[in-house]
$ cat final02.cif   # mmCIF, C-alpha atoms
data_data
loop_
_atom_site.label_atom_id
_atom_site.label_comp_id
_atom_site.auth_asym_id
_atom_site.auth_seq_id
_atom_site.Cartn_x
_atom_site.Cartn_y
_atom_site.Cartn_z
CA MET A 1 -233.31 46.64 4.47
CA PRO A 2 -232.88 50.44 4.38
CA ARG A 3 -230.21 52.12 6.41
CA HIS A 4 -232.71 53.85 8.68
CA ALA A 5 -234.16 50.51 9.71
CA ARG A 6 -230.68 49.11 10.46
CA ASN A 7 -229.79 52.03 12.72
CA CYS A 8 -233.14 52.06 14.47
CA THR A 9 -232.71 51.07 18.13
CA ALA A 10 -236.25 51.81 19.33
CA GLY A 11 -237.55 48.33 18.50
CA SER A 12 -238.37 45.78 21.18
CA VAL A 13 -236.55 42.98 19.30
CA TYR A 14 -232.75 42.53 19.53
CA THR A 15 -232.04 41.93 15.85
CA TYR A 16 -229.24 39.80 14.42
CA HIS A 17 -227.61 42.87 12.85
CA GLU A 18 -227.52 44.66 16.21
CA LYS A 19 -226.07 41.59 17.88
CA MET A 20 -223.26 41.28 15.31
CA LYS A 21 -222.55 45.02 15.49
CA ASP A 22 -222.30 44.95 19.28
CA THR A 23 -220.07 41.87 19.15
CA ARG A 24 -217.63 43.55 16.76
CA GLU A 25 -217.47 46.77 18.77
CA SER A 26 -217.26 45.19 22.22
CA GLY A 27 -214.60 42.58 21.42
CA TYR A 28 -216.49 39.80 23.22
CA GLY A 29 -217.51 36.48 21.77
CA SER A 30 -216.12 34.34 18.96
CA LYS A 31 -215.70 35.83 15.49
CA GLU A 32 -215.81 34.02 12.17
CA MET A 33 -214.85 35.26 8.74
CA ARG A 34 -214.72 33.61 5.34
CA PHE A 35 -211.61 34.18 3.29
CA GLY A 36 -212.05 36.06 0.05
CA LYS A 37 -210.32 35.25 -3.19
CA ASP A 38 -207.63 37.84 -2.54
CA SER A 39 -206.66 36.11 0.71
CA VAL A 40 -205.98 32.69 -0.84
CA LYS A 41 -202.83 31.97 -2.83
CA GLU A 42 -203.23 30.46 -6.28
CA PHE A 43 -202.13 26.84 -6.62
CA ASP A 44 -199.31 27.69 -9.07
CA CYS A 45 -197.82 30.54 -7.00
CA CYS A 46 -194.68 30.38 -4.89
CA CYS A 47 -195.17 30.08 -1.14
CA LEU A 48 -192.45 32.72 -0.58
CA THR A 49 -193.05 35.33 -3.28
CA LEU A 50 -196.82 34.66 -3.72
CA GLN A 51 -196.28 35.15 -7.46
CA PRO A 52 -196.63 32.66 -10.33
CA CYS A 53 -193.55 30.45 -10.48
CA ARG A 54 -191.12 30.84 -13.37
CA ASP A 55 -189.14 27.70 -12.56
CA PRO A 56 -191.36 25.75 -10.13
CA VAL A 57 -190.06 23.12 -7.73
CA ILE A 58 -191.94 21.20 -5.05
CA THR A 59 -190.98 19.65 -1.72
CA ALA A 60 -191.89 16.15 -0.57
CA GLU A 61 -194.72 17.66 1.52
CA GLY A 62 -196.32 19.30 -1.55
CA TYR A 63 -195.30 22.95 -1.11
CA LEU A 64 -194.54 24.81 -4.34
CA PHE A 65 -191.64 27.27 -4.58
CA ASP A 66 -189.91 29.27 -7.26
CA LYS A 67 -186.41 27.83 -7.65
CA GLU A 68 -184.71 31.23 -7.44
CA ALA A 69 -186.61 32.20 -4.29
CA ILE A 70 -186.00 28.93 -2.47
CA LEU A 71 -182.28 28.98 -3.40
CA ASN A 72 -181.94 32.47 -1.92
CA TYR A 73 -183.80 31.27 1.17
CA ILE A 74 -181.48 28.27 1.62
CA LEU A 75 -178.33 30.38 1.13
CA HIS A 76 -179.57 33.02 3.58
CA GLY A 77 -180.45 30.30 6.09
CA LYS A 78 -176.96 28.77 5.87
CA LYS A 79 -175.35 32.17 6.41
CA GLU A 80 -177.53 32.80 9.45
CA ILE A 81 -176.69 29.38 10.87
CA ALA A 82 -172.95 30.01 10.37
CA ARG A 83 -173.23 33.42 12.09
CA LYS A 84 -175.15 31.98 15.06
CA LEU A 85 -172.70 29.08 15.40
CA LYS A 86 -169.81 31.56 15.49
CA GLN A 87 -171.51 33.53 18.26
CA TYR A 88 -172.25 30.31 20.14
CA GLU A 89 -168.59 29.19 19.94
CA LYS A 90 -167.39 32.59 21.21
CA GLN A 91 -169.81 32.35 24.12
CA LYS A 92 -168.63 28.81 24.87
CA VAL A 93 -164.97 29.89 25.01
CA ARG A 94 -165.83 32.89 27.20
CA LEU A 95 -167.79 30.74 29.66
CA GLU A 96 -164.91 28.27 29.89
CA GLN A 97 -162.48 31.10 30.65
CA GLU A 98 -164.78 32.53 33.29
CA ALA A 99 -165.21 29.09 34.87
CA ALA A 100 -161.43 28.59 34.94
CA GLU A 101 -160.86 32.02 36.51
CA SER A 102 -163.58 31.47 39.10
CA GLY A 103 -162.07 28.07 39.93
CA ILE A 104 -158.63 29.64 40.49
CA LEU A 105 -160.09 32.37 42.71
CA GLU A 106 -162.08 29.83 44.69
CA GLN A 107 -158.97 27.70 45.23
CA GLU A 108 -157.01 30.73 46.42
CA ALA A 109 -159.82 31.66 48.81
CA ARG A 110 -159.82 28.12 50.27
CA VAL A 111 -156.06 28.20 50.81
CA LYS A 112 -156.25 31.60 52.46
CA SER A 113 -159.09 30.56 54.73
CA PHE A 114 -157.21 27.37 55.68
CA GLU A 115 -154.09 29.34 56.61
CA GLN A 116 -156.06 31.77 58.75
CA GLY A 117 -158.36 29.12 60.23
CA ASP A 118 -156.64 28.60 63.61
CA SER A 119 -155.96 32.24 64.34
CA SER A 120 -159.47 33.29 63.38
CA ILE A 121 -160.99 30.92 65.92
CA GLN A 122 -158.99 32.39 68.82
CA ARG A 123 -159.74 35.98 67.93
CA PRO A 124 -162.43 37.69 69.97
CA ASP A 125 -165.58 38.62 68.19
CA HIS A 126 -165.78 42.40 68.10
CA THR A 127 -168.90 42.41 66.00
CA ARG A 128 -171.14 41.47 68.89
CA VAL A 129 -173.05 44.27 70.47
CA GLN A 130 -171.93 44.53 74.08
CA ALA A 131 -174.40 45.29 76.81
CA GLY A 132 -174.84 49.00 77.20
CA SER A 133 -173.18 49.76 73.85
CA SER A 134 -174.64 52.07 71.24
CA VAL A 135 -177.62 50.95 69.14
CA SER A 136 -176.86 53.46 66.42
CA ASN A 137 -176.80 52.24 62.86
CA MET A 138 -173.65 54.24 62.18
CA THR A 139 -171.33 52.15 64.37
CA HIS A 140 -169.11 49.21 63.48
CA GLY A 141 -168.28 50.65 60.09
CA LYS A 142 -171.88 50.93 58.92
CA ASP A 143 -171.44 54.63 58.32
CA LYS A 144 -169.44 53.77 55.18
CA GLU A 145 -172.16 51.57 53.70
CA LEU A 146 -174.62 52.98 51.19
CA PRO A 147 -178.20 52.46 52.37
CA SER A 148 -179.64 53.72 49.11
CA PHE A 149 -180.75 50.89 46.85
CA TRP A 150 -180.60 53.15 43.80
CA ALA A 151 -176.86 53.75 44.14
CA PRO A 152 -174.88 52.21 41.24
CA SER A 153 -172.84 50.00 43.55
CA SER A 154 -175.97 48.58 45.18
CA THR A 155 -177.92 47.75 42.06
CA PRO A 156 -178.04 44.09 40.94
CA ASN A 157 -175.86 43.01 38.07
CA SER A 158 -177.67 41.83 34.93
CA LYS A 159 -176.13 38.80 33.28
CA PRO A 160 -176.06 38.56 29.48
CA THR A 161 -178.59 36.27 27.85
CA LEU A 162 -177.05 32.93 26.98
CA ILE A 163 -177.28 31.89 23.34
CA LYS A 164 -178.65 28.43 22.73
CA LYS A 165 -176.97 26.15 20.21
CA PRO A 166 -178.65 26.89 16.85
CA ASP A 167 -180.19 24.27 14.63
CA GLU A 168 -177.69 23.35 11.93
CA LYS A 169 -180.36 22.40 9.38
CA VAL A 170 -182.23 24.75 7.05
CA ARG A 171 -185.93 24.10 7.48
CA CYS A 172 -188.87 24.55 5.13
CA PRO A 173 -190.69 27.84 5.81
CA MET A 174 -194.07 26.11 5.48
CA SER A 175 -193.72 22.65 7.07
CA GLY A 176 -190.74 23.25 9.35
CA LYS A 177 -189.03 20.04 8.20
CA PRO A 178 -185.37 19.91 7.06
CA LEU A 179 -184.96 21.27 3.54
CA ARG A 180 -182.22 20.21 1.13
CA LEU A 181 -181.64 21.34 -2.41
CA LYS A 182 -181.41 17.79 -3.76
CA ASP A 183 -184.85 16.95 -2.34
CA LEU A 184 -186.61 19.58 -4.47
CA ILE A 185 -188.50 18.11 -7.42
CA PRO A 186 -188.89 20.08 -10.70
CA VAL A 187 -192.51 20.67 -11.72
CA LYS A 188 -193.82 20.84 -15.29
CA PHE A 189 -197.15 22.58 -15.85
CA THR A 190 -199.02 21.90 -19.11
CA HIS A 191 -200.09 25.21 -20.67
CA ILE A 192 -203.66 25.58 -21.84
CA GLN A 193 -204.09 25.48 -25.62
CA ASP A 194 -206.18 28.52 -26.52
CA ARG A 195 -206.06 31.02 -29.35
CA ASP A 196 -205.49 34.01 -27.09
CA ASN A 197 -201.90 34.99 -27.86
CA LYS A 198 -202.20 38.63 -26.79
CA THR A 199 -202.98 38.12 -23.10
CA SER A 200 -199.99 37.31 -20.93
CA LEU A 201 -199.90 34.05 -19.01
CA ILE A 202 -200.08 35.76 -15.61
CA ALA A 203 -203.20 37.70 -16.57
CA LYS A 204 -205.10 34.57 -17.60
CA LYS A 205 -207.45 32.98 -15.06
CA ALA A 206 -207.09 29.53 -16.63
CA ARG A 207 -203.40 28.93 -17.25
CA TYR A 208 -202.74 25.20 -17.00
CA VAL A 209 -204.52 21.93 -17.72
CA CYS A 210 -204.08 18.30 -16.79
CA PRO A 211 -201.98 16.59 -19.52
CA VAL A 212 -204.07 13.40 -19.28
CA THR A 213 -207.69 14.54 -18.96
CA ASN A 214 -207.21 18.10 -20.29
CA ASP A 215 -209.16 19.49 -17.30
CA VAL A 216 -208.42 23.08 -16.32
CA LEU A 217 -206.40 23.31 -13.08
CA GLY A 218 -207.28 25.73 -10.32
CA ASN A 219 -207.65 26.16 -6.57
CA SER A 220 -210.97 24.32 -6.65
CA VAL A 221 -209.43 21.28 -8.35
CA PRO A 222 -207.23 18.98 -6.18
CA CYS A 223 -203.95 18.29 -7.99
CA ALA A 224 -200.93 16.05 -7.57
CA VAL A 225 -197.38 16.05 -8.91
CA LEU A 226 -195.87 12.86 -10.35
CA LYS A 227 -192.30 12.64 -9.08
CA THR A 228 -191.01 10.59 -12.04
CA SER A 229 -191.94 13.17 -14.68
CA GLY A 230 -192.86 16.31 -12.68
CA SER A 231 -196.23 16.58 -14.42
CA VAL A 232 -199.22 18.08 -12.60
CA VAL A 233 -202.40 16.01 -12.90
CA THR A 234 -205.74 16.10 -11.15
CA MET A 235 -206.46 13.84 -8.18
CA GLU A 236 -209.43 12.45 -10.07
CA CYS A 237 -207.05 11.30 -12.79
CA VAL A 238 -204.82 9.73 -10.15
CA GLU A 239 -207.64 7.83 -8.48
CA LYS A 240 -209.40 6.65 -11.64
CA LEU A 241 -206.55 6.09 -14.12
CA ILE A 242 -203.04 6.17 -12.72
CA LYS A 243 -203.56 4.03 -9.59
CA LYS A 244 -204.85 1.12 -11.68
CA ASP A 245 -201.48 0.36 -13.27
CA MET A 246 -199.23 2.65 -11.16
CA LEU A 247 -197.46 3.85 -14.30
CA ASP A 248 -196.57 7.42 -15.19
CA PRO A 249 -198.68 8.26 -18.28
CA MET A 250 -196.03 10.74 -19.49
CA ASN A 251 -192.97 8.46 -19.61
CA GLY A 252 -194.26 5.00 -18.64
CA LYS A 253 -192.11 4.67 -15.51
CA LYS A 254 -193.24 2.67 -12.50
CA LEU A 255 -194.83 4.69 -9.70
CA THR A 256 -195.10 4.18 -5.96
CA ASP A 257 -197.37 5.86 -3.44
CA LYS A 258 -194.53 8.22 -2.41
CA ASP A 259 -194.08 9.31 -6.04
CA ILE A 260 -197.58 10.87 -6.04
CA ILE A 261 -197.29 14.18 -4.15
CA PRO A 262 -200.55 16.08 -3.44
CA LEU A 263 -200.12 19.76 -4.28
CA GLN A 264 -200.92 22.01 -1.32
CA ARG A 265 -203.45 24.69 -2.16
CA GLY A 266 -204.03 28.10 -0.63
CA ALA A 267 -201.86 29.59 2.13
CA THR A 268 -200.59 33.13 2.50
CA GLY A 269 -199.25 35.05 5.44
CA PHE A 270 -202.82 35.61 6.64
CA SER A 271 -204.52 32.24 6.08
CA GLY A 272 -203.83 28.57 6.60
CA VAL A 273 -202.75 25.90 4.16
CA GLY A 274 -205.22 23.64 2.41
CA VAL A 275 -208.89 24.01 1.68
CA THR A 276 -209.88 25.79 4.91
CA LEU A 277 -211.72 28.94 3.86
CA LYS A 278 -212.99 30.11 7.25
CA ALA A 279 -211.12 31.80 10.06
CA LYS A 280 -212.37 31.67 13.63
CA ARG A 281 -211.09 33.61 16.59
CA ASP A 282 -212.28 32.78 20.08
CA GLY A 283 -212.81 35.74 22.39
CA PRO A 284 -213.91 36.22 25.99
CA SER A 285 -217.59 35.69 26.68
CA MET A 286 -219.79 37.46 29.19
CA MET A 287 -221.41 35.08 31.64
CA SER A 288 -224.90 36.02 32.79
#
$ encode --input "final02.cif" --output "structure tokens"
Amino acid sequence: MPRHARNCTAGSVYTYHEKMKDTRESGYGSKEMRFGKDSVKEFDCCCLTLQPCRDPVITAEGYLFDKEAILNYILHGKKEIARKLKQYEKQKVRLEQEAAESGILEQEARVKSFEQGDSSIQRPDHTRVQAGSSVSNMTHGKDKELPSFWAPSSTPNSKPTLIKKPDEKVRCPMSGKPLRLKDLIPVKFTHIQDRDNKTSLIAKKARYVCPVTNDVLGNSVPCAVLKTSGSVVTMECVEKLIKKDMLDPMNGKKLTDKDIIPLQRGATGFSGVGVTLKAKRDGPSMMS
């Protein structure tokens, strides 16, 4: 369709293009968008650096990380936890001191009020307004009070924000579950056997294959990591070959269901994890 026909608004029909254009410009209605290839992380890239892993490791939930990146993340998380715990302990000591001081002052005030209790009852009340006395707001010492709410002495005091006790566990940046260094599993990718020795590994579109079926691995191919050997195989290989005997084809060790970890695909800072390739955002709708 030529551009003139798209911009033509003299027609009697409300075209689909005009409807989508008005929806984008007005901000009303739900919007859907399909993720492009640049928005989806490759299956062999780190979830932190978004770059191909040099020394890949995987969590029990199937998230792939570069070992150097995840080590720096864990060390930084422990330092932050130690710093927050130190601040929390200082706040705890300060609150205990304030509570002790307020308790002493309250006890002194009770003793003072008890000592002056009898004499204060017999004293005449001079604060009452006698009949025929002045109704001025400057009597009875009110002339010394500040009626202005903006005066510094009349403004409310803001209390400092209390620090909550921080979580003492470093958590996975993707799943939010506790993350420990000993729970990370080394991953071994099988390089593709081609005759192209000039092109670097990062520049190749097809970099790794399944060591059992020799199928090329990619985002469109569901993969799994075998915990006993760290090898990356296709889910088709797992379902058709490995689950029959539950033996690792690389070293012959016995496998369990927990030893087969599905590799999470996709995920960046702008898209979700898994095979979801569409983003939808609900907006306000105009009711007729």
$ residues_around --input "final02.cif" --residues "segment 195-211 of chain A" --least-positions-apart "4" --cutoff "8 Å" --atoms "only C-alpha atoms" --output "short mmCIF file (atom, residue, chain, number, x, y, z; two decimals) with C-alpha atoms, in the coordinates of the input"
data_model
loop_
_atom_site.label_atom_id
_atom_site.label_comp_id
_atom_site.auth_asym_id
_atom_site.auth_seq_id
_atom_site.Cartn_x
_atom_site.Cartn_y
_atom_site.Cartn_z
CA PRO A 52 -196.63 32.66 -10.33
CA PHE A 189 -197.15 22.58 -15.85
CA THR A 190 -199.02 21.90 -19.11
CA HIS A 191 -200.09 25.21 -20.67
CA ASP A 215 -209.16 19.49 -17.30
CA VAL A 216 -208.42 23.08 -16.32
CA LEU A 217 -206.40 23.31 -13.08
CA GLY A 218 -207.28 25.73 -10.32
CA SER A 231 -196.23 16.58 -14.42
CA VAL A 232 -199.22 18.08 -12.60
CA VAL A 233 -202.40 16.01 -12.90
CA THR A 234 -205.74 16.10 -11.15
#
$ residues_around --input "final02.cif" --residues "segment 95-110 of chain A" --least-positions-apart "6" --cutoff "12 Å" --atoms "all atoms listed in the file" --output "ChimeraX atom specification"
/A:88-89,116-117,160,162-163
$ closest_residue --input "final02.cif" --among "A:Val13, A:Val238, A:Leu71, A:Ala60" --to "Lys177 of chain A" --atoms "all atoms listed in the file"
A:Ala60
$ resolve_selection --input "final02.cif" --expression "the PyMOL selection byres ((chain A and resi 170) around 12)" --output "PDB file with C-alpha atoms, keeping the file's coordinate frame"
ATOM      1  CA  ILE A  70    -186.000  28.930  -2.470  1.00  0.00           C
ATOM      2  CA  LEU A  71    -182.280  28.980  -3.400  1.00  0.00           C
ATOM      3  CA  ASN A  72    -181.940  32.470  -1.920  1.00  0.00           C
ATOM      4  CA  TYR A  73    -183.800  31.270   1.170  1.00  0.00           C
ATOM      5  CA  ILE A  74    -181.480  28.270   1.620  1.00  0.00           C
ATOM      6  CA  LEU A  75    -178.330  30.380   1.130  1.00  0.00           C
ATOM      7  CA  HIS A  76    -179.570  33.020   3.580  1.00  0.00           C
ATOM      8  CA  GLY A  77    -180.450  30.300   6.090  1.00  0.00           C
ATOM      9  CA  LYS A  78    -176.960  28.770   5.870  1.00  0.00           C
ATOM     10  CA  LYS A  79    -175.350  32.170   6.410  1.00  0.00           C
ATOM     11  CA  GLU A  80    -177.530  32.800   9.450  1.00  0.00           C
ATOM     12  CA  ILE A  81    -176.690  29.380  10.870  1.00  0.00           C
ATOM     13  CA  ALA A  82    -172.950  30.010  10.370  1.00  0.00           C
ATOM     14  CA  PRO A 166    -178.650  26.890  16.850  1.00  0.00           C
ATOM     15  CA  ASP A 167    -180.190  24.270  14.630  1.00  0.00           C
ATOM     16  CA  GLU A 168    -177.690  23.350  11.930  1.00  0.00           C
ATOM     17  CA  LYS A 169    -180.360  22.400   9.380  1.00  0.00           C
ATOM     18  CA  ARG A 171    -185.930  24.100   7.480  1.00  0.00           C
ATOM     19  CA  CYS A 172    -188.870  24.550   5.130  1.00  0.00           C
ATOM     20  CA  PRO A 173    -190.690  27.840   5.810  1.00  0.00           C
ATOM     21  CA  SER A 175    -193.720  22.650   7.070  1.00  0.00           C
ATOM     22  CA  GLY A 176    -190.740  23.250   9.350  1.00  0.00           C
ATOM     23  CA  LYS A 177    -189.030  20.040   8.200  1.00  0.00           C
ATOM     24  CA  PRO A 178    -185.370  19.910   7.060  1.00  0.00           C
ATOM     25  CA  LEU A 179    -184.960  21.270   3.540  1.00  0.00           C
ATOM     26  CA  ARG A 180    -182.220  20.210   1.130  1.00  0.00           C
ATOM     27  CA  LEU A 181    -181.640  21.340  -2.410  1.00  0.00           C
TER      28      LEU A 181
END
$ residues_around --input "final02.cif" --residues "Lys19 of chain A" --least-positions-apart "4" --cutoff "12 Å" --atoms "all atoms listed in the file" --output "PyMOL selection string"
chain A and resi 6+9+13-15+23-26+28-29
$ closest_atom_pairs --input "final02.cif" --of "segment 213-252 of chain A" --to "segment 55-58 of chain A" --cutoff "10 Å" --atoms "only C-alpha atoms" --output "CSV"
residue,atom,partner,partner_atom,distance
A:Val225,CA,A:Ile58,CA,8.4
A:Lys227,CA,A:Ile58,CA,9.5
A:Gly230,CA,A:Val57,CA,8.9
$ closest_residue --input "final02.cif" --among "A:Phe65, A:Asp245, A:Lys164, A:Asp282" --to "Lys86 of chain A" --atoms "only C-alpha atoms"
A:Lys164
$ axis_aligned_box --input "final02.cif" --around "segment 222-230 of chain A" --padding-each-side "8 Å" --output "AutoDock Vina command-line options"
--center_x -199.1 --center_y 14.8 --center_z -10.4 --size_x 32.2 --size_y 24.4 --size_z 24.5
$ residues_around --input "final02.cif" --residues "Pro262 of chain A" --least-positions-apart "3" --cutoff "9 Å" --atoms "only C-alpha atoms" --output "tab-separated table (two decimals) with C-alpha atoms, in the coordinates of the input"
chain	number	residue	atom	x	y	z
A	61	GLU	CA	-194.72	17.66	1.52
A	62	GLY	CA	-196.32	19.30	-1.55
A	63	TYR	CA	-195.30	22.95	-1.11
A	222	PRO	CA	-207.23	18.98	-6.18
A	223	CYS	CA	-203.95	18.29	-7.99
A	224	ALA	CA	-200.93	16.05	-7.57
A	225	VAL	CA	-197.38	16.05	-8.91
A	226	LEU	CA	-195.87	12.86	-10.35
A	235	MET	CA	-206.46	13.84	-8.18
$ atom_distance --input "final02.cif" --atom1 "atom CA of Gly36 of chain A" --atom2 "atom CA of Gln264 of chain A"
18.0 Å
$ atom_distance --input "final02.cif" --atom1 "atom CA of Lys278 of chain A" --atom2 "atom CA of Cys53 of chain A"
26.3 Å
$ atom_distance --input "final02.cif" --atom1 "atom CA of Asn214 of chain A" --atom2 "atom CA of Gln51 of chain A"
24.0 Å
